[in-house]
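**Q** Take a look at the following structure, please.
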Amino acid sequence: MVEDQVLLEDWIVACRSEDVQEKPIQVVLMGERLAIFRNSKGVHAFKDLCIHRGAALSLGEVKNDCLVCPYHAWEYDDSGACVHIPQLPEGRAIPKKAKASSYSCIEKYGLIWVNFAGNEPEIFDYKPMADNSYHNVIWGPQEVVAKPPRIIENFLDVGHLAVVHVGALGTETHREVMDYKVTKDGDRIFSDEIAIFQPDPDGSGIPKYVYYTYEIHRPFTVSFTKRDKENDTLMTILLTVRPIDGERSVAYGILSFNYETGLSDEAIIKFQDEIFAQDKPIVENQKPEELPLDLQVELSLVCDRMSIAYRQYLKELGVELGTA
Ligand code: FES
Ligand code: CO
């Protein structure tokens, strides 16, 4: 397992809710292979390893609320205790050591989250999902050969919108970024509204300014809200990243709209995929792969305030995975 105490004590996204139906699935999270399964009580995450002969439990099935090993059909209940061994002669006790290691696992915001340390902290608050006026669309998974902090920082980067996403999220004539503040208020770290001139932000074909507010929720979970002042509408995109191992990550998102977009969920996802595909080669080729937390390394501009705030946040928390 990739050790990082801060992350081990956090909830890290494992997969989408819809990925876990009747069959268990394998998810690699921070180098640990997990078997994630669903029974009548909810979702559960085990180390993907049967203590009998090391088979991957994720290849098994769920029967009578138990996870059944694919190799010799030992049955584990959702606490990880082995409750049936078909090979044992009748009357023989199940060995005490017959257990699967289980981790804390919850389902929230259309995603499944794992907490390795078992401290089960409160999960961050994502308001659009608790608000009926929003339509929410789950986006991802998108695998990236990069460490999470580079992916997260790219999402918080205002300056690249009119370059990497020119024609979609910015225009070449409006690359200048006006100065803005980043505020730290208790647990919340967020930017002012930043004016961004976009070619067609509301589908009417007319270019205009929209206003982005960025927010840091957790080391690998951030969001921005786009406000269209004319139409009085809000769109929030939350990005959360699963580290697979030291090299690769998987990005997931929640796209939330408090207005009728006129688009199908498929079209919304496709647009986001296209935007992400523009960022991917940039992020996969940044050096060093680790996000430098020493502010003397790399050269920041005033418009990079949000990135700087993110680096300081990781530094203060003591996050190590993917930082240098
Ligand atoms: Fe799992 Fe034998 S390896 S029951
Ligand atoms: Co981008």
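All residue names refer to the structure tokens as shown: chains lettered A, B, ... in order, residues numbered from 1 in each chain, ligands numbered from 1 in order.
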For Gln198 (chain A), find every residue with an atom within 8 Å (counting only C-alpha atoms), except residues of its own chain fewer than 4 positions away, and show them as a list in words.
**A** Gly167, Ala168, Leu169, Gly170, Thr171, Pro207, Lys208, Tyr209 and Val210 of chain A
**Q** Extract, using only C-alpha atoms, all DNA, RNA and protein residues at most 7 Å from region 223-236 of chain A, discarding same-chain residues fewer than 2 positions from it, and format them as a PDB file with N, CA, C and O atoms, in the first residue's frame.
**A**
```pdb
ATOM      1  N   VAL A 210     -18.507  34.932 -17.740  1.00  0.00           N
ATOM      2  CA  VAL A 210     -19.121  34.167 -16.661  1.00  0.00           C
ATOM      3  C   VAL A 210     -18.141  34.248 -15.488  1.00  0.00           C
ATOM      4  O   VAL A 210     -17.009  34.713 -15.656  1.00  0.00           O
ATOM      5  N   TYR A 211     -18.558  33.811 -14.317  1.00  0.00           N
ATOM      6  CA  TYR A 211     -17.765  34.030 -13.109  1.00  0.00           C
ATOM      7  C   TYR A 211     -17.530  32.704 -12.395  1.00  0.00           C
ATOM      8  O   TYR A 211     -18.489  32.004 -12.058  1.00  0.00           O
ATOM      9  N   TYR A 212     -16.260  32.383 -12.207  1.00  0.00           N
ATOM     10  CA  TYR A 212     -15.881  31.114 -11.577  1.00  0.00           C
ATOM     11  C   TYR A 212     -15.456  31.358 -10.128  1.00  0.00           C
ATOM     12  O   TYR A 212     -14.662  32.262  -9.862  1.00  0.00           O
ATOM     13  N   THR A 213     -15.948  30.515  -9.234  1.00  0.00           N
ATOM     14  CA  THR A 213     -15.454  30.482  -7.858  1.00  0.00           C
ATOM     15  C   THR A 213     -14.895  29.089  -7.606  1.00  0.00           C
ATOM     16  O   THR A 213     -15.616  28.096  -7.749  1.00  0.00           O
ATOM     17  N   TYR A 214     -13.636  29.019  -7.251  1.00  0.00           N
ATOM     18  CA  TYR A 214     -12.999  27.726  -6.989  1.00  0.00           C
ATOM     19  C   TYR A 214     -13.030  27.428  -5.497  1.00  0.00           C
ATOM     20  O   TYR A 214     -12.962  28.341  -4.673  1.00  0.00           O
ATOM     21  N   GLU A 215     -13.113  26.135  -5.166  1.00  0.00           N
ATOM     22  CA  GLU A 215     -13.091  25.750  -3.750  1.00  0.00           C
ATOM     23  C   GLU A 215     -12.330  24.441  -3.554  1.00  0.00           C
ATOM     24  O   GLU A 215     -12.449  23.511  -4.357  1.00  0.00           O
ATOM     25  N   ILE A 216     -11.562  24.409  -2.472  1.00  0.00           N
ATOM     26  CA  ILE A 216     -10.836  23.182  -2.095  1.00  0.00           C
ATOM     27  C   ILE A 216     -11.625  22.494  -0.986  1.00  0.00           C
ATOM     28  O   ILE A 216     -11.919  23.111   0.032  1.00  0.00           O
ATOM     29  N   LEU A 238     -17.607  19.200  -9.444  1.00  0.00           N
ATOM     30  CA  LEU A 238     -16.743  18.683  -8.395  1.00  0.00           C
ATOM     31  C   LEU A 238     -15.824  17.642  -9.018  1.00  0.00           C
ATOM     32  O   LEU A 238     -16.273  16.785  -9.775  1.00  0.00           O
ATOM     33  N   LEU A 239     -14.552  17.744  -8.716  1.00  0.00           N
ATOM     34  CA  LEU A 239     -13.583  16.761  -9.197  1.00  0.00           C
ATOM     35  C   LEU A 239     -12.997  16.034  -8.008  1.00  0.00           C
ATOM     36  O   LEU A 239     -12.622  16.663  -7.009  1.00  0.00           O
ATOM     37  N   LEU A 255     -21.260  16.796 -12.010  1.00  0.00           N
ATOM     38  CA  LEU A 255     -21.591  18.009 -12.756  1.00  0.00           C
ATOM     39  C   LEU A 255     -23.003  18.394 -12.340  1.00  0.00           C
ATOM     40  O   LEU A 255     -23.940  17.616 -12.514  1.00  0.00           O
ATOM     41  N   SER A 256     -23.147  19.577 -11.758  1.00  0.00           N
ATOM     42  CA  SER A 256     -24.427  19.968 -11.149  1.00  0.00           C
ATOM     43  C   SER A 256     -24.937  21.270 -11.769  1.00  0.00           C
ATOM     44  O   SER A 256     -24.195  22.249 -11.857  1.00  0.00           O
ATOM     45  N   PHE A 257     -26.195  21.272 -12.161  1.00  0.00           N
ATOM     46  CA  PHE A 257     -26.788  22.429 -12.837  1.00  0.00           C
ATOM     47  C   PHE A 257     -28.080  22.820 -12.124  1.00  0.00           C
ATOM     48  O   PHE A 257     -28.936  21.958 -11.909  1.00  0.00           O
ATOM     49  N   ASN A 258     -28.242  24.090 -11.808  1.00  0.00           N
ATOM     50  CA  ASN A 258     -29.508  24.510 -11.194  1.00  0.00           C
ATOM     51  C   ASN A 258     -30.462  25.093 -12.242  1.00  0.00           C
ATOM     52  O   ASN A 258     -31.325  25.889 -11.925  1.00  0.00           O
ATOM     53  N   TYR A 259     -30.274  24.688 -13.488  1.00  0.00           N
ATOM     54  CA  TYR A 259     -31.127  25.170 -14.575  1.00  0.00           C
ATOM     55  C   TYR A 259     -31.241  24.063 -15.629  1.00  0.00           C
ATOM     56  O   TYR A 259     -30.484  23.077 -15.606  1.00  0.00           O
TER      57      TYR A 259
END
```
**Q** Enumerate residues in contact with ligand 1: an atom-to-atom distance of at most 7 Å, counting only C-alpha atoms and all ligand atoms. Format the result as a PDB file with N, CA, C and O atoms, in the first residue's frame.
**A**
```pdb
ATOM      1  N   CYS A  50      -8.096 -13.700  -0.372  1.00  0.00           N
ATOM      2  CA  CYS A  50      -8.651 -14.733   0.496  1.00  0.00           C
ATOM      3  C   CYS A  50      -7.518 -15.350   1.302  1.00  0.00           C
ATOM      4  O   CYS A  50      -6.466 -15.703   0.761  1.00  0.00           O
ATOM      5  N   ILE A  51      -7.735 -15.461   2.596  1.00  0.00           N
ATOM      6  CA  ILE A  51      -6.673 -15.941   3.491  1.00  0.00           C
ATOM      7  C   ILE A  51      -6.352 -17.423   3.261  1.00  0.00           C
ATOM      8  O   ILE A  51      -5.270 -17.899   3.607  1.00  0.00           O
ATOM      9  N   HIS A  52      -7.257 -18.140   2.604  1.00  0.00           N
ATOM     10  CA  HIS A  52      -7.025 -19.565   2.371  1.00  0.00           C
ATOM     11  C   HIS A  52      -5.880 -19.794   1.385  1.00  0.00           C
ATOM     12  O   HIS A  52      -4.838 -20.339   1.738  1.00  0.00           O
ATOM     13  N   ARG A  53      -6.024 -19.337   0.137  1.00  0.00           N
ATOM     14  CA  ARG A  53      -4.975 -19.542  -0.861  1.00  0.00           C
ATOM     15  C   ARG A  53      -4.745 -18.301  -1.729  1.00  0.00           C
ATOM     16  O   ARG A  53      -4.308 -18.408  -2.874  1.00  0.00           O
ATOM     17  N   GLY A  54      -5.074 -17.148  -1.169  1.00  0.00           N
ATOM     18  CA  GLY A  54      -4.702 -15.904  -1.851  1.00  0.00           C
ATOM     19  C   GLY A  54      -5.497 -15.573  -3.096  1.00  0.00           C
ATOM     20  O   GLY A  54      -5.049 -14.754  -3.919  1.00  0.00           O
ATOM     21  N   ALA A  55      -6.649 -16.187  -3.270  1.00  0.00           N
ATOM     22  CA  ALA A  55      -7.455 -15.853  -4.449  1.00  0.00           C
ATOM     23  C   ALA A  55      -8.028 -14.437  -4.310  1.00  0.00           C
ATOM     24  O   ALA A  55      -8.156 -13.907  -3.202  1.00  0.00           O
ATOM     25  N   CYS A  69     -15.752 -16.700  -1.935  1.00  0.00           N
ATOM     26  CA  CYS A  69     -14.479 -16.789  -2.654  1.00  0.00           C
ATOM     27  C   CYS A  69     -14.653 -17.658  -3.905  1.00  0.00           C
ATOM     28  O   CYS A  69     -15.314 -18.703  -3.868  1.00  0.00           O
ATOM     29  N   PRO A  70     -14.034 -17.244  -5.029  1.00  0.00           N
ATOM     30  CA  PRO A  70     -14.210 -17.979  -6.282  1.00  0.00           C
ATOM     31  C   PRO A  70     -13.472 -19.330  -6.301  1.00  0.00           C
ATOM     32  O   PRO A  70     -13.752 -20.183  -7.138  1.00  0.00           O
ATOM     33  N   TYR A  71     -12.539 -19.534  -5.362  1.00  0.00           N
ATOM     34  CA  TYR A  71     -11.662 -20.709  -5.469  1.00  0.00           C
ATOM     35  C   TYR A  71     -12.245 -21.921  -4.740  1.00  0.00           C
ATOM     36  O   TYR A  71     -12.432 -22.985  -5.326  1.00  0.00           O
ATOM     37  N   HIS A  72     -12.548 -21.786  -3.438  1.00  0.00           N
ATOM     38  CA  HIS A  72     -13.100 -22.919  -2.689  1.00  0.00           C
ATOM     39  C   HIS A  72     -14.399 -22.568  -1.979  1.00  0.00           C
ATOM     40  O   HIS A  72     -14.825 -23.266  -1.072  1.00  0.00           O
ATOM     41  N   ALA A  73     -14.951 -21.409  -2.366  1.00  0.00           N
ATOM     42  CA  ALA A  73     -16.293 -21.008  -1.912  1.00  0.00           C
ATOM     43  C   ALA A  73     -16.427 -20.773  -0.411  1.00  0.00           C
ATOM     44  O   ALA A  73     -17.495 -20.977   0.154  1.00  0.00           O
ATOM     45  N   TRP A  74     -15.346 -20.358   0.226  1.00  0.00           N
ATOM     46  CA  TRP A  74     -15.512 -19.903   1.604  1.00  0.00           C
ATOM     47  C   TRP A  74     -16.414 -18.673   1.568  1.00  0.00           C
ATOM     48  O   TRP A  74     -16.308 -17.854   0.656  1.00  0.00           O
TER      49      TRP A  74
END
```
**Q** Please find the residues contacting ligand 2 at a distance of at most 9 Å between atoms, with only C-alpha atoms and all ligand atoms counted, and report them as a list of chain:residue names.
**A** A:Asn154, A:Phe155, A:Leu156, A:Asp157, A:Val158, A:His160, A:Leu161, A:Val164, A:His165, A:Leu169, A:Ile275, A:Phe276, A:Ala277, A:Gln278, A:Asp279, A:Lys280
**Q** Residues within 6 Å of Cys82 (chain A), please, as number ranges by chain. Count only C-alpha atoms; anything in the same chain fewer than 3 positions from it doesn't count.
**A** A: 75-76, 98-99
**Q** Please determine, counting only C-alpha atoms, which residue among A:Leu314, A:Ile138, A:Cys66, A:Ala81 has the shortest atom-to-atom distance to Ile94 (chain A).
**A**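 Nearest candidate to Ile94 (chain A) out of A:Leu314, A:Ile138, A:Cys66, A:Ala81: A:Ala81.
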**Q** Could you go through region 75-265 of chain A and tell me which residues DSSP, when run on the backbone, assigns to strand (DSSP E or B), listing them as JSON, numbers by chain?
**A** {"A": [75, 76, 81, 82, 83, 84, 99, 102, 103, 104, 105, 106, 107, 108, 111, 112, 113, 114, 115, 135, 136, 137, 138, 139, 140, 141, 142, 143, 144, 166, 170, 182, 183, 184, 185, 188, 189, 190, 191, 194, 195, 196, 197, 198, 208, 209, 210, 211, 212, 213, 214, 215, 216, 217, 218, 221, 222, 223, 224, 225, 226, 227, 228, 233, 234, 235, 236, 237, 238, 239, 240, 241, 242, 243, 249, 250, 251, 252, 253, 254, 255, 256, 257]}
**Q** Any idea what's packed within 7 Å of region 110-126 of chain A, counting only C-alpha atoms, ignoring anything in its chain fewer than 6 positions away? Could you give it as a PDB file with all heavy atoms, in the first residue's frame?
**A**
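What landed in selection-v1.pdb:
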```
ATOM      1  N   LEU A   8      -4.788   8.111   4.285  1.00  0.00           N
ATOM      2  CA  LEU A   8      -5.327   6.885   4.896  1.00  0.00           C
ATOM      3  C   LEU A   8      -6.477   7.226   5.838  1.00  0.00           C
ATOM      4  O   LEU A   8      -7.414   6.450   5.996  1.00  0.00           O
ATOM      5  CB  LEU A   8      -4.232   6.138   5.674  1.00  0.00           C
ATOM      6  CG  LEU A   8      -3.088   5.541   4.848  1.00  0.00           C
ATOM      7  CD1 LEU A   8      -2.020   4.943   5.768  1.00  0.00           C
ATOM      8  CD2 LEU A   8      -3.573   4.488   3.882  1.00  0.00           C
ATOM      9  N   GLU A   9      -6.411   8.417   6.433  1.00  0.00           N
ATOM     10  CA  GLU A   9      -7.447   8.832   7.391  1.00  0.00           C
ATOM     11  C   GLU A   9      -8.589   9.591   6.732  1.00  0.00           C
ATOM     12  O   GLU A   9      -9.479  10.096   7.400  1.00  0.00           O
ATOM     13  CB  GLU A   9      -6.807   9.692   8.495  1.00  0.00           C
ATOM     14  CG  GLU A   9      -5.911   8.869   9.408  1.00  0.00           C
ATOM     15  CD  GLU A   9      -5.229   9.698  10.483  1.00  0.00           C
ATOM     16  OE1 GLU A   9      -5.564  10.892  10.615  1.00  0.00           O
ATOM     17  OE2 GLU A   9      -4.349   9.146  11.175  1.00  0.00           O
ATOM     18  N   ASP A  10      -8.547   9.703   5.419  1.00  0.00           N
ATOM     19  CA  ASP A  10      -9.584  10.445   4.696  1.00  0.00           C
ATOM     20  C   ASP A  10     -10.493   9.457   3.962  1.00  0.00           C
ATOM     21  O   ASP A  10     -10.210   8.253   3.909  1.00  0.00           O
ATOM     22  CB  ASP A  10      -8.895  11.373   3.681  1.00  0.00           C
ATOM     23  CG  ASP A  10      -9.774  12.562   3.308  1.00  0.00           C
ATOM     24  OD1 ASP A  10     -10.961  12.595   3.683  1.00  0.00           O
ATOM     25  OD2 ASP A  10      -9.249  13.450   2.628  1.00  0.00           O
ATOM     26  N   TRP A  11     -11.594   9.964   3.431  1.00  0.00           N
ATOM     27  CA  TRP A  11     -12.399   9.167   2.506  1.00  0.00           C
ATOM     28  C   TRP A  11     -11.855   9.415   1.102  1.00  0.00           C
ATOM     29  O   TRP A  11     -11.786  10.562   0.662  1.00  0.00           O
ATOM     30  CB  TRP A  11     -13.867   9.607   2.546  1.00  0.00           C
ATOM     31  CG  TRP A  11     -14.573   9.266   3.815  1.00  0.00           C
ATOM     32  CD1 TRP A  11     -14.952  10.132   4.805  1.00  0.00           C
ATOM     33  CD2 TRP A  11     -15.021   7.957   4.231  1.00  0.00           C
ATOM     34  NE1 TRP A  11     -15.592   9.442   5.814  1.00  0.00           N
ATOM     35  CE2 TRP A  11     -15.651   8.112   5.486  1.00  0.00           C
ATOM     36  CE3 TRP A  11     -14.942   6.677   3.672  1.00  0.00           C
ATOM     37  CZ2 TRP A  11     -16.210   7.043   6.195  1.00  0.00           C
ATOM     38  CZ3 TRP A  11     -15.488   5.616   4.365  1.00  0.00           C
ATOM     39  CH2 TRP A  11     -16.104   5.793   5.605  1.00  0.00           C
ATOM     40  N   ILE A  12     -11.465   8.366   0.415  1.00  0.00           N
ATOM     41  CA  ILE A  12     -10.953   8.513  -0.950  1.00  0.00           C
ATOM     42  C   ILE A  12     -11.932   7.814  -1.887  1.00  0.00           C
ATOM     43  O   ILE A  12     -12.434   6.721  -1.584  1.00  0.00           O
ATOM     44  CB  ILE A  12      -9.547   7.871  -1.088  1.00  0.00           C
ATOM     45  CG1 ILE A  12      -8.578   8.432  -0.038  1.00  0.00           C
ATOM     46  CG2 ILE A  12      -8.994   8.084  -2.498  1.00  0.00           C
ATOM     47  CD1 ILE A  12      -8.158   9.869  -0.220  1.00  0.00           C
ATOM     48  N   VAL A  13     -12.181   8.437  -3.017  1.00  0.00           N
ATOM     49  CA  VAL A  13     -13.153   7.858  -3.947  1.00  0.00           C
ATOM     50  C   VAL A  13     -12.604   6.534  -4.504  1.00  0.00           C
ATOM     51  O   VAL A  13     -11.427   6.429  -4.841  1.00  0.00           O
ATOM     52  CB  VAL A  13     -13.487   8.852  -5.081  1.00  0.00           C
ATOM     53  CG1 VAL A  13     -12.297   9.105  -6.007  1.00  0.00           C
ATOM     54  CG2 VAL A  13     -14.705   8.369  -5.877  1.00  0.00           C
ATOM     55  N   ALA A  14     -13.480   5.523  -4.547  1.00  0.00           N
ATOM     56  CA  ALA A  14     -13.068   4.218  -5.078  1.00  0.00           C
ATOM     57  C   ALA A  14     -13.669   3.984  -6.467  1.00  0.00           C
ATOM     58  O   ALA A  14     -12.988   3.507  -7.371  1.00  0.00           O
ATOM     59  CB  ALA A  14     -13.499   3.105  -4.132  1.00  0.00           C
ATOM     60  N   CYS A  15     -14.933   4.286  -6.621  1.00  0.00           N
ATOM     61  CA  CYS A  15     -15.617   4.056  -7.897  1.00  0.00           C
ATOM     62  C   CYS A  15     -16.982   4.744  -7.850  1.00  0.00           C
ATOM     63  O   CYS A  15     -17.319   5.384  -6.862  1.00  0.00           O
ATOM     64  CB  CYS A  15     -15.778   2.553  -8.151  1.00  0.00           C
ATOM     65  SG  CYS A  15     -16.673   1.692  -6.844  1.00  0.00           S
ATOM     66  N   ARG A  16     -17.752   4.582  -8.920  1.00  0.00           N
ATOM     67  CA  ARG A  16     -19.109   5.127  -8.939  1.00  0.00           C
ATOM     68  C   ARG A  16     -20.046   4.130  -8.256  1.00  0.00           C
ATOM     69  O   ARG A  16     -19.795   2.918  -8.283  1.00  0.00           O
ATOM     70  CB  ARG A  16     -19.596   5.322 -10.378  1.00  0.00           C
ATOM     71  CG  ARG A  16     -18.765   6.286 -11.188  1.00  0.00           C
ATOM     72  CD  ARG A  16     -19.221   6.275 -12.620  1.00  0.00           C
ATOM     73  NE  ARG A  16     -19.140   4.930 -13.205  1.00  0.00           N
ATOM     74  CZ  ARG A  16     -19.478   4.621 -14.445  1.00  0.00           C
ATOM     75  NH1 ARG A  16     -19.937   5.547 -15.252  1.00  0.00           N
ATOM     76  NH2 ARG A  16     -19.354   3.400 -14.902  1.00  0.00           N
ATOM     77  N   SER A  17     -21.138   4.605  -7.717  1.00  0.00           N
ATOM     78  CA  SER A  17     -22.146   3.713  -7.143  1.00  0.00           C
ATOM     79  C   SER A  17     -22.602   2.688  -8.167  1.00  0.00           C
ATOM     80  O   SER A  17     -22.749   1.506  -7.867  1.00  0.00           O
ATOM     81  CB  SER A  17     -23.370   4.513  -6.697  1.00  0.00           C
ATOM     82  OG  SER A  17     -23.080   5.215  -5.538  1.00  0.00           O
ATOM     83  N   TYR A 103     -12.415  -2.794   5.145  1.00  0.00           N
ATOM     84  CA  TYR A 103     -12.145  -1.359   5.332  1.00  0.00           C
ATOM     85  C   TYR A 103     -13.462  -0.606   5.385  1.00  0.00           C
ATOM     86  O   TYR A 103     -14.478  -1.070   4.839  1.00  0.00           O
ATOM     87  CB  TYR A 103     -11.315  -0.827   4.154  1.00  0.00           C
ATOM     88  CG  TYR A 103      -9.944  -1.452   4.041  1.00  0.00           C
ATOM     89  CD1 TYR A 103      -9.613  -2.244   2.952  1.00  0.00           C
ATOM     90  CD2 TYR A 103      -8.987  -1.232   5.027  1.00  0.00           C
ATOM     91  CE1 TYR A 103      -8.350  -2.817   2.844  1.00  0.00           C
ATOM     92  CE2 TYR A 103      -7.723  -1.802   4.924  1.00  0.00           C
ATOM     93  CZ  TYR A 103      -7.407  -2.590   3.830  1.00  0.00           C
ATOM     94  OH  TYR A 103      -6.169  -3.144   3.738  1.00  0.00           O
ATOM     95  N   SER A 104     -13.433   0.563   6.013  1.00  0.00           N
ATOM     96  CA  SER A 104     -14.635   1.400   6.055  1.00  0.00           C
ATOM     97  C   SER A 104     -14.995   1.836   4.637  1.00  0.00           C
ATOM     98  O   SER A 104     -14.115   2.224   3.852  1.00  0.00           O
ATOM     99  CB  SER A 104     -14.395   2.637   6.912  1.00  0.00           C
ATOM    100  OG  SER A 104     -14.090   2.249   8.227  1.00  0.00           O
ATOM    101  N   ILE A 138     -23.077  12.214 -12.884  1.00  0.00           N
ATOM    102  CA  ILE A 138     -21.774  11.647 -12.493  1.00  0.00           C
ATOM    103  C   ILE A 138     -20.917  11.487 -13.743  1.00  0.00           C
ATOM    104  O   ILE A 138     -21.377  10.983 -14.769  1.00  0.00           O
ATOM    105  CB  ILE A 138     -21.946  10.278 -11.798  1.00  0.00           C
ATOM    106  CG1 ILE A 138     -22.829  10.405 -10.541  1.00  0.00           C
ATOM    107  CG2 ILE A 138     -20.592   9.656 -11.436  1.00  0.00           C
ATOM    108  CD1 ILE A 138     -22.217  11.187  -9.409  1.00  0.00           C
ATOM    109  N   HIS A 217     -11.991  21.241  -1.187  1.00  0.00           N
ATOM    110  CA  HIS A 217     -12.739  20.510  -0.161  1.00  0.00           C
ATOM    111  C   HIS A 217     -11.851  19.568   0.640  1.00  0.00           C
ATOM    112  O   HIS A 217     -11.923  19.508   1.859  1.00  0.00           O
ATOM    113  CB  HIS A 217     -13.877  19.697  -0.796  1.00  0.00           C
ATOM    114  CG  HIS A 217     -14.850  20.548  -1.547  1.00  0.00           C
ATOM    115  ND1 HIS A 217     -15.909  21.167  -0.944  1.00  0.00           N
ATOM    116  CD2 HIS A 217     -14.898  20.910  -2.847  1.00  0.00           C
ATOM    117  CE1 HIS A 217     -16.595  21.863  -1.847  1.00  0.00           C
ATOM    118  NE2 HIS A 217     -15.992  21.724  -3.009  1.00  0.00           N
TER     119      HIS A 217
END
```
**Q** DSSP on the backbone: which residues in region 240-297 of chain A end up as helix (DSSP H, G or I)? Give the answer as a ChimeraX atom specification.
**A** /A:265-284
**Q** Which one of A:Gly322, A:Pro95, A:Gly205, A:Gly186 sits closest to Arg248 (chain A) if you count only C-alpha atoms?
**A**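 Using only C-alpha atoms, the shortest distance to Arg248 (chain A) belongs to A:Gly322.
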**Q** So how far away is CA of Glu143 (chain A) from CA of Ala251 (chain A), in Å?
**A**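 For CA of Ala251 (chain A) relative to CA of Glu143 (chain A), the distance reads 6.4 Å.
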